[in-house]
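Chemist: Hey, dropping my_file-v4.tsv in here, TSV, C-alpha atoms:
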```tsv
chain	number	residue	atom	x	y	z
A	1	MET	CA	-78.59	-47.02	-50.88
A	2	ARG	CA	-75.38	-45.84	-49.26
A	3	PRO	CA	-75.98	-45.23	-45.54
A	4	PHE	CA	-75.58	-41.80	-44.01
A	5	SER	CA	-74.12	-41.29	-40.55
A	6	LEU	CA	-75.58	-39.43	-37.60
A	7	LEU	CA	-72.19	-38.74	-36.01
A	8	ALA	CA	-73.36	-35.25	-35.15
A	9	VAL	CA	-75.67	-36.58	-32.44
A	10	LEU	CA	-73.15	-36.40	-29.62
A	11	ILE	CA	-69.68	-36.45	-31.09
A	12	GLY	CA	-68.29	-34.51	-28.13
A	13	LEU	CA	-68.80	-37.30	-25.59
A	14	ALA	CA	-65.91	-39.63	-24.79
A	15	ALA	CA	-66.40	-43.27	-25.67
A	16	PRO	CA	-66.45	-45.80	-22.81
A	17	SER	CA	-63.32	-47.81	-22.07
A	18	ILE	CA	-64.97	-51.00	-23.31
A	19	ALA	CA	-64.99	-49.44	-26.77
A	20	MET	CA	-61.22	-49.20	-26.67
A	21	ALA	CA	-60.94	-52.89	-25.81
A	22	GLN	CA	-63.64	-54.30	-28.06
A	23	GLY	CA	-64.11	-51.80	-30.90
A	24	MET	CA	-67.02	-49.64	-31.93
A	25	VAL	CA	-70.40	-50.78	-33.24
A	26	HIS	CA	-73.33	-49.00	-34.82
A	27	MET	CA	-77.01	-49.65	-35.38
A	28	PRO	CA	-78.32	-49.22	-38.95
A	29	VAL	CA	-81.74	-47.59	-39.14
A	30	THR	CA	-84.12	-46.68	-41.96
A	31	VAL	CA	-86.17	-43.49	-42.20
A	32	VAL	CA	-89.89	-44.11	-41.83
A	33	SER	CA	-91.14	-40.53	-41.99
A	34	GLY	CA	-90.04	-36.92	-41.74
A	35	PRO	CA	-91.64	-33.50	-41.55
A	36	PRO	CA	-93.66	-32.38	-44.58
A	37	VAL	CA	-92.18	-29.80	-46.91
A	38	GLY	CA	-93.52	-26.41	-45.88
A	39	GLU	CA	-93.90	-27.25	-42.20
A	40	GLN	CA	-92.83	-24.22	-40.18
A	41	GLY	CA	-92.58	-22.85	-36.68
A	42	VAL	CA	-90.78	-20.56	-34.26
A	43	LEU	CA	-87.42	-21.44	-32.71
A	44	SER	CA	-87.47	-22.05	-28.97
A	45	GLY	CA	-86.13	-24.64	-26.59
A	46	ALA	CA	-88.42	-27.24	-28.16
A	47	ARG	CA	-87.36	-29.85	-30.70
A	48	PHE	CA	-88.52	-29.56	-34.29
A	49	ALA	CA	-88.23	-31.25	-37.71
A	50	GLU	CA	-88.63	-34.72	-36.17
A	51	HIS	CA	-87.95	-37.90	-38.15
A	52	VAL	CA	-89.11	-41.40	-37.27
A	53	VAL	CA	-86.57	-44.16	-37.91
A	54	ARG	CA	-86.80	-47.95	-37.69
A	55	ALA	CA	-84.10	-50.56	-37.08
A	56	SER	CA	-83.03	-51.73	-40.54
A	57	ASN	CA	-82.72	-55.34	-39.36
A	58	ALA	CA	-84.29	-57.05	-36.36
A	59	ILE	CA	-85.30	-60.41	-34.94
A	60	VAL	CA	-88.02	-61.48	-32.50
A	61	THR	CA	-87.20	-63.78	-29.59
A	62	GLU	CA	-89.15	-67.03	-29.39
A	63	MET	CA	-87.96	-67.88	-25.87
A	64	PRO	CA	-87.32	-65.70	-22.80
A	65	LEU	CA	-83.73	-64.58	-22.17
A	66	THR	CA	-82.21	-63.87	-18.75
A	67	VAL	CA	-79.14	-61.69	-18.24
A	68	GLY	CA	-78.42	-61.10	-14.56
A	69	ARG	CA	-81.61	-59.62	-13.14
A	70	ARG	CA	-82.85	-58.58	-16.55
A	71	ILE	CA	-85.47	-60.74	-18.28
A	72	ILE	CA	-86.21	-60.29	-21.96
A	73	PRO	CA	-89.60	-61.92	-22.64
A	74	ALA	CA	-90.36	-64.10	-25.62
A	75	GLY	CA	-91.74	-61.96	-28.42
A	76	THR	CA	-89.30	-59.07	-27.83
A	77	PRO	CA	-87.84	-57.44	-30.97
A	78	LEU	CA	-84.03	-57.09	-30.93
A	79	ALA	CA	-82.28	-54.66	-33.30
A	80	GLN	CA	-79.11	-55.60	-35.14
A	81	VAL	CA	-75.80	-53.83	-34.50
A	82	ARG	CA	-72.82	-54.04	-36.83
A	83	SER	CA	-69.10	-53.44	-36.63
A	84	ASN	CA	-66.45	-52.63	-39.20
A	85	SER	CA	-63.67	-53.92	-36.95
A	86	LEU	CA	-65.06	-56.82	-34.90
A	87	PRO	CA	-65.57	-60.36	-36.20
A	88	VAL	CA	-69.28	-60.31	-35.29
A	89	GLN	CA	-72.15	-60.58	-37.73
A	90	ARG	CA	-75.28	-61.64	-35.89
A	91	VAL	CA	-75.48	-59.42	-32.80
A	92	TRP	CA	-78.87	-58.14	-31.66
A	93	CYS	CA	-79.71	-55.67	-28.86
A	94	ASP	CA	-82.75	-54.98	-26.71
A	95	VAL	CA	-83.65	-51.37	-27.51
A	96	ARG	CA	-86.78	-51.06	-25.43
A	97	PRO	CA	-86.80	-47.74	-23.50
A	98	MET	CA	-84.83	-47.81	-20.25
A	99	GLY	CA	-85.92	-46.53	-16.88
A	100	ARG	CA	-84.35	-43.51	-15.21
A	101	TRP	CA	-82.47	-45.68	-12.70
A	102	SER	CA	-81.22	-48.33	-15.11
A	103	SER	CA	-77.52	-48.90	-15.72
A	104	GLY	CA	-77.67	-47.38	-19.20
A	105	ASP	CA	-76.34	-50.64	-20.67
A	106	ALA	CA	-78.26	-52.56	-23.31
A	107	ALA	CA	-78.60	-56.35	-23.28
A	108	CYS	CA	-77.22	-57.77	-26.54
A	109	PHE	CA	-77.02	-61.30	-27.88
A	110	GLU	CA	-75.04	-63.14	-30.53
A	111	ASP	CA	-75.73	-66.07	-32.80
A	112	ARG	CA	-72.13	-67.13	-33.36
A	113	ASP	CA	-72.76	-69.96	-35.81
A	114	ASP	CA	-75.82	-68.45	-37.51
A	115	ASP	CA	-77.96	-71.48	-36.68
A	116	GLY	CA	-81.05	-69.53	-35.60
A	117	ARG	CA	-80.25	-69.74	-31.88
A	118	LEU	CA	-78.83	-67.00	-29.66
A	119	ASP	CA	-75.93	-68.55	-27.77
A	120	ARG	CA	-74.04	-65.70	-26.12
A	121	SER	CA	-74.90	-62.49	-24.26
A	122	LEU	CA	-73.00	-59.23	-24.51
A	123	ARG	CA	-73.14	-55.91	-22.72
A	124	GLY	CA	-73.93	-52.99	-25.00
A	125	LEU	CA	-72.78	-49.59	-23.84
A	126	THR	CA	-75.06	-46.75	-24.90
A	127	GLN	CA	-73.71	-43.30	-25.65
A	128	PRO	CA	-75.31	-41.15	-24.46
A	129	GLY	CA	-76.67	-43.25	-21.62
A	130	TYR	CA	-80.31	-44.31	-21.89
A	131	PHE	CA	-80.50	-43.84	-25.69
A	132	THR	CA	-81.01	-47.49	-26.52
A	133	PHE	CA	-80.49	-47.04	-30.26
A	134	GLY	CA	-77.10	-45.49	-29.50
A	135	VAL	CA	-75.23	-48.71	-28.72
A	136	ALA	CA	-71.63	-47.68	-29.30
A	137	ALA	CA	-69.63	-50.67	-28.03
A	138	ILE	CA	-70.12	-54.27	-26.98
A	139	GLY	CA	-68.19	-56.53	-24.63
A	140	ASP	CA	-68.42	-58.75	-21.54
A	141	TYR	CA	-69.14	-61.87	-23.60
A	142	ARG	CA	-70.86	-64.72	-21.73
A	143	ASP	CA	-72.26	-68.00	-22.99
A	144	LEU	CA	-75.98	-68.41	-22.41
A	145	ALA	CA	-76.93	-71.27	-20.11
A	146	GLN	CA	-79.85	-71.98	-22.44
A	147	GLN	CA	-79.76	-71.05	-26.10
A	148	ALA	CA	-82.84	-69.27	-27.43
A	149	THR	CA	-84.45	-69.50	-30.85
A	150	TYR	CA	-85.62	-66.46	-32.77
A	151	ARG	CA	-87.21	-65.47	-36.06
A	152	GLU	CA	-86.73	-62.58	-38.43
A	153	ALA	CA	-88.90	-59.57	-37.60
A	154	THR	CA	-91.38	-58.16	-40.07
A	155	PRO	CA	-90.84	-54.48	-41.00
A	156	GLU	CA	-93.76	-53.55	-38.75
A	157	GLU	CA	-92.15	-55.35	-35.80
A	158	ARG	CA	-88.77	-53.64	-36.07
A	159	PRO	CA	-88.13	-51.20	-33.19
A	160	THR	CA	-88.58	-47.50	-33.92
A	161	THR	CA	-87.25	-44.28	-32.44
A	162	ARG	CA	-87.15	-40.58	-33.34
A	163	PHE	CA	-84.70	-37.74	-33.63
A	164	GLY	CA	-85.11	-34.01	-34.17
A	165	LEU	CA	-83.27	-30.71	-34.10
A	166	ILE	CA	-82.91	-28.30	-31.19
A	167	LEU	CA	-81.48	-24.80	-30.88
A	168	CYS	CA	-78.29	-24.66	-28.80
A	169	ARG	CA	-75.13	-22.61	-28.12
A	170	ASN	CA	-71.57	-23.75	-28.72
A	171	ILE	CA	-68.68	-23.12	-26.31
A	172	SER	CA	-68.10	-19.67	-27.83
A	173	GLY	CA	-71.72	-18.69	-27.19
A	174	GLN	CA	-72.69	-18.77	-30.85
A	175	HIS	CA	-76.12	-20.16	-31.71
A	176	GLY	CA	-76.29	-23.39	-33.69
A	177	PHE	CA	-78.25	-26.59	-33.82
A	178	ALA	CA	-77.84	-30.18	-32.66
A	179	ILE	CA	-79.64	-33.51	-32.89
A	180	THR	CA	-81.83	-34.49	-29.94
A	181	VAL	CA	-82.94	-38.06	-29.20
A	182	PRO	CA	-85.26	-39.74	-26.66
A	183	LEU	CA	-83.53	-41.06	-23.56
A	184	HIS	CA	-85.75	-42.52	-20.80
A	185	ASP	CA	-89.40	-42.15	-19.84
A	186	ASN	CA	-90.62	-39.09	-21.78
A	187	ASP	CA	-87.37	-37.15	-21.46
A	188	TRP	CA	-85.24	-36.16	-24.44
A	189	LEU	CA	-81.61	-35.15	-24.60
A	190	VAL	CA	-81.55	-31.40	-23.91
A	191	ASN	CA	-77.86	-30.47	-23.73
A	192	PRO	CA	-76.07	-32.16	-26.62
A	193	ALA	CA	-72.48	-31.25	-27.32
A	194	PRO	CA	-70.83	-29.63	-29.14
A	195	CYS	CA	-73.77	-27.93	-30.96
A	196	PRO	CA	-72.23	-28.78	-34.33
A	197	ILE	CA	-74.77	-27.76	-36.99
A	198	MET	CA	-74.30	-24.14	-38.06
A	199	PRO	CA	-76.50	-22.27	-40.58
A	200	GLU	CA	-75.04	-21.55	-44.03
A	201	ARG	CA	-75.71	-18.69	-46.46
A	202	LEU	CA	-77.17	-20.21	-49.62
A	203	ASP	CA	-78.77	-18.09	-52.34
A	204	GLY	CA	-79.05	-15.23	-49.89
A	205	LYS	CA	-80.86	-17.34	-47.29
A	206	GLN	CA	-79.82	-18.90	-43.99
A	207	VAL	CA	-80.13	-22.67	-44.39
A	208	ILE	CA	-79.58	-25.58	-42.03
A	209	ARG	CA	-78.30	-28.64	-43.89
A	210	PHE	CA	-78.23	-32.05	-42.23
A	211	GLN	CA	-77.97	-34.96	-44.63
A	212	GLY	CA	-81.13	-34.74	-46.77
A	213	LEU	CA	-82.81	-32.32	-44.36
A	214	ARG	CA	-82.90	-28.66	-45.41
A	215	LEU	CA	-84.49	-25.88	-43.39
A	216	GLU	CA	-84.56	-22.16	-44.03
A	217	ILE	CA	-84.38	-19.99	-40.92
A	218	SER	CA	-84.79	-16.28	-40.31
A	219	GLU	CA	-82.43	-16.05	-37.32
A	220	PRO	CA	-80.58	-18.81	-35.43
A	221	ARG	CA	-81.89	-17.74	-32.03
A	222	ASP	CA	-85.03	-17.75	-29.91
A	223	ALA	CA	-88.09	-16.40	-31.77
A	224	GLY	CA	-86.45	-16.97	-35.15
A	225	SER	CA	-88.61	-18.83	-37.67
A	226	TRP	CA	-87.91	-22.09	-39.50
A	227	ILE	CA	-89.47	-23.80	-42.51
A	228	VAL	CA	-88.78	-27.23	-43.99
A	229	ILE	CA	-87.41	-27.16	-47.53
A	230	SER	CA	-86.77	-30.92	-47.71
A	231	ALA	CA	-86.71	-33.91	-45.33
A	232	ILE	CA	-84.48	-36.97	-45.33
A	233	PRO	CA	-86.20	-39.29	-47.85
A	234	ARG	CA	-88.37	-42.14	-46.70
A	235	ASP	CA	-86.52	-45.49	-46.80
A	236	ALA	CA	-83.10	-43.79	-46.70
A	237	ASP	CA	-80.57	-45.81	-44.69
A	238	ILE	CA	-78.75	-43.92	-41.95
A	239	VAL	CA	-76.58	-44.94	-39.01
A	240	LEU	CA	-76.87	-43.94	-35.36
A	241	SER	CA	-73.19	-44.10	-34.45
A	242	PHE	CA	-70.79	-42.41	-32.10
A	243	ARG	CA	-67.09	-41.68	-32.24
A	244	ARG	CA	-64.39	-40.71	-29.77
A	245	ARG	CA	-63.38	-37.08	-30.11
```
Take the structure in the file and give it back as structure tokens.

Modeler:
Amino acid sequence: MRPFSLLAVLIGLAAPSIAMAQGMVHMPVTVVSGPPVGEQGVLSGARFAEHVVRASNAIVTEMPLTVGRRIIPAGTPLAQVRSNSLPVQRVWCDVRPMGRWSSGDAACFEDRDDDGRLDRSLRGLTQPGYFTFGVAAIGDYRDLAQQATYREATPEERPTTRFGLILCRNISGQHGFAITVPLHDNDWLVNPAPCPIMPERLDGKQVIRFQGLRLEISEPRDAGSWIVISAIPRDADIVLSFRRR
């Protein structure tokens, strides 16, 4: 299935300088579940129409990995990132939730010769910070002092995350919608820019369209109602990626 792209997540943020030097990457994910058709509610500051997604490809470490002060225990799932411009194929990142005071960088690893052993570490820059599935660029390559074996992850072991919609205002003050994602602890992104998803008039109704997701709304403002017409299909491949504006 041809992958979709979630570029609308935070397209307004500038990419880090490492992206300019090393090129952009993205993390393929697969939809696990979405809201049922007919689910409805009232618009407020809360997120709605949540989807659960899972890393499309992942491995599990069989040995502990150490990067600076960070230790990745044996048995940790690492999600694959891909690039259309870099000569990297087997790069895997630690997407476990970060703490509030972390650097916002993800620990990534490469198997350069595809021999089943991780042999180099990389720094993955997340955009926005703390959203571990939002690795946008990799760099700072360093050989590992001790190579580490790994195995392919089962579908159940692949890391998961969520995304949903929130009501927001664009720079002109007009109401619209944006994608919200989990950052650190139990906090979610609350001020995404640039509030890119605007309702459309279809068959006399106001409809939000985002990939396979369709929602009918009464008014795009607080206290307006929403109802799910369709969700992004289960097993659809999408991409959590970010782009310089």

Chemist: So that I can check the surroundings of region 113-125 of chain A, please list as a ChimeraX atom specification every protein, DNA and RNA residue that reaches within 10 Å of it, counting only C-alpha atoms and ignoring chain neighbours fewer than 3 positions away.

Modeler: /A:15-19,24-25,61-63,65-67,81,89-94,103-110,128-132,134-152

Chemist: Looking at A:Arg54, A:Phe210, A:Asp187, A:Gly45, which one is nearest to Arg169 (chain A), with distances taken over all atoms listed in the file?

Modeler: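 The closest residue to Arg169 (chain A) is A:Gly45.
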
Chemist: How far is it from CA of Asn84 (chain A) to CA of Val53 (chain A), in Å with one decimal?

Modeler: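 Rounded to one decimal, the two atoms are 21.9 Å apart.
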
Chemist: CA of His175 (chain A) and CA of Glu216 (chain A), how far apart in Å?

Modeler: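 Interatomic distance here is 15.1 Å.
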
Chemist: Which residues of region 149-170 of chain A sit at most 12 Å from region 27-41 of chain A, using all atoms listed in the file? Give each one's shortest atom pair and distance in Å (one decimal place), in chain and ascending residue order, as JSON lines.

Modeler:
```
{"residue": "A:Pro155", "atom": "CA", "partner": "A:Thr30", "partner_atom": "CA", "distance": 10.3}
{"residue": "A:Glu156", "atom": "CA", "partner": "A:Val32", "partner_atom": "CA", "distance": 10.7}
{"residue": "A:Arg158", "atom": "CA", "partner": "A:Val29", "partner_atom": "CA", "distance": 9.8}
{"residue": "A:Pro159", "atom": "CA", "partner": "A:Val29", "partner_atom": "CA", "distance": 9.4}
{"residue": "A:Thr160", "atom": "CA", "partner": "A:Val29", "partner_atom": "CA", "distance": 8.6}
{"residue": "A:Thr161", "atom": "CA", "partner": "A:Val29", "partner_atom": "CA", "distance": 9.3}
{"residue": "A:Arg162", "atom": "CA", "partner": "A:Val31", "partner_atom": "CA", "distance": 9.4}
{"residue": "A:Phe163", "atom": "CA", "partner": "A:Gly34", "partner_atom": "CA", "distance": 9.7}
{"residue": "A:Gly164", "atom": "CA", "partner": "A:Gly34", "partner_atom": "CA", "distance": 9.5}
{"residue": "A:Leu165", "atom": "CA", "partner": "A:Pro35", "partner_atom": "CA", "distance": 11.5}
```

Chemist: From the options A:Leu78, A:Ile229, A:Leu43, A:Ala58, which residue's atoms come nearest to Cys168 (chain A), counting all atoms listed in the file?

Modeler: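 Of A:Leu78, A:Ile229, A:Leu43, A:Ala58, the one nearest Cys168 (chain A) is A:Leu43, counting all atoms listed in the file.
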
Chemist: By how many Å are CA of Gly176 (chain A) and CA of Gly212 (chain A) apart?

Modeler: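 CA of Gly176 (chain A) sits 18.0 Å away from CA of Gly212 (chain A).
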
Chemist: Check the smallest atom-to-atom distance from each of A:Cys195, A:Leu215, A:Val190, A:Ala153 to Ser172 (chain A) using all atoms listed in the file, then report the winner.

Modeler: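 For Ser172 (chain A), the nearest of the given residues is A:Cys195.
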
Chemist: Go through A:Gly99, A:Arg82, A:Ile179, A:Val42 and flag the residue nearest Val228 (chain A), using only C-alpha atoms for the distances.

Modeler: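 Answer, going by the shortest atom-to-atom distance: A:Val42.
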
Chemist: When you count all atoms listed in the file, which of these residues is closest to Trp226 (chain A): A:Gln206, A:Asn186, A:Gln80, A:Thr180?

Modeler: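 Of A:Gln206, A:Asn186, A:Gln80, A:Thr180, the one nearest Trp226 (chain A) is A:Gln206, counting all atoms listed in the file.
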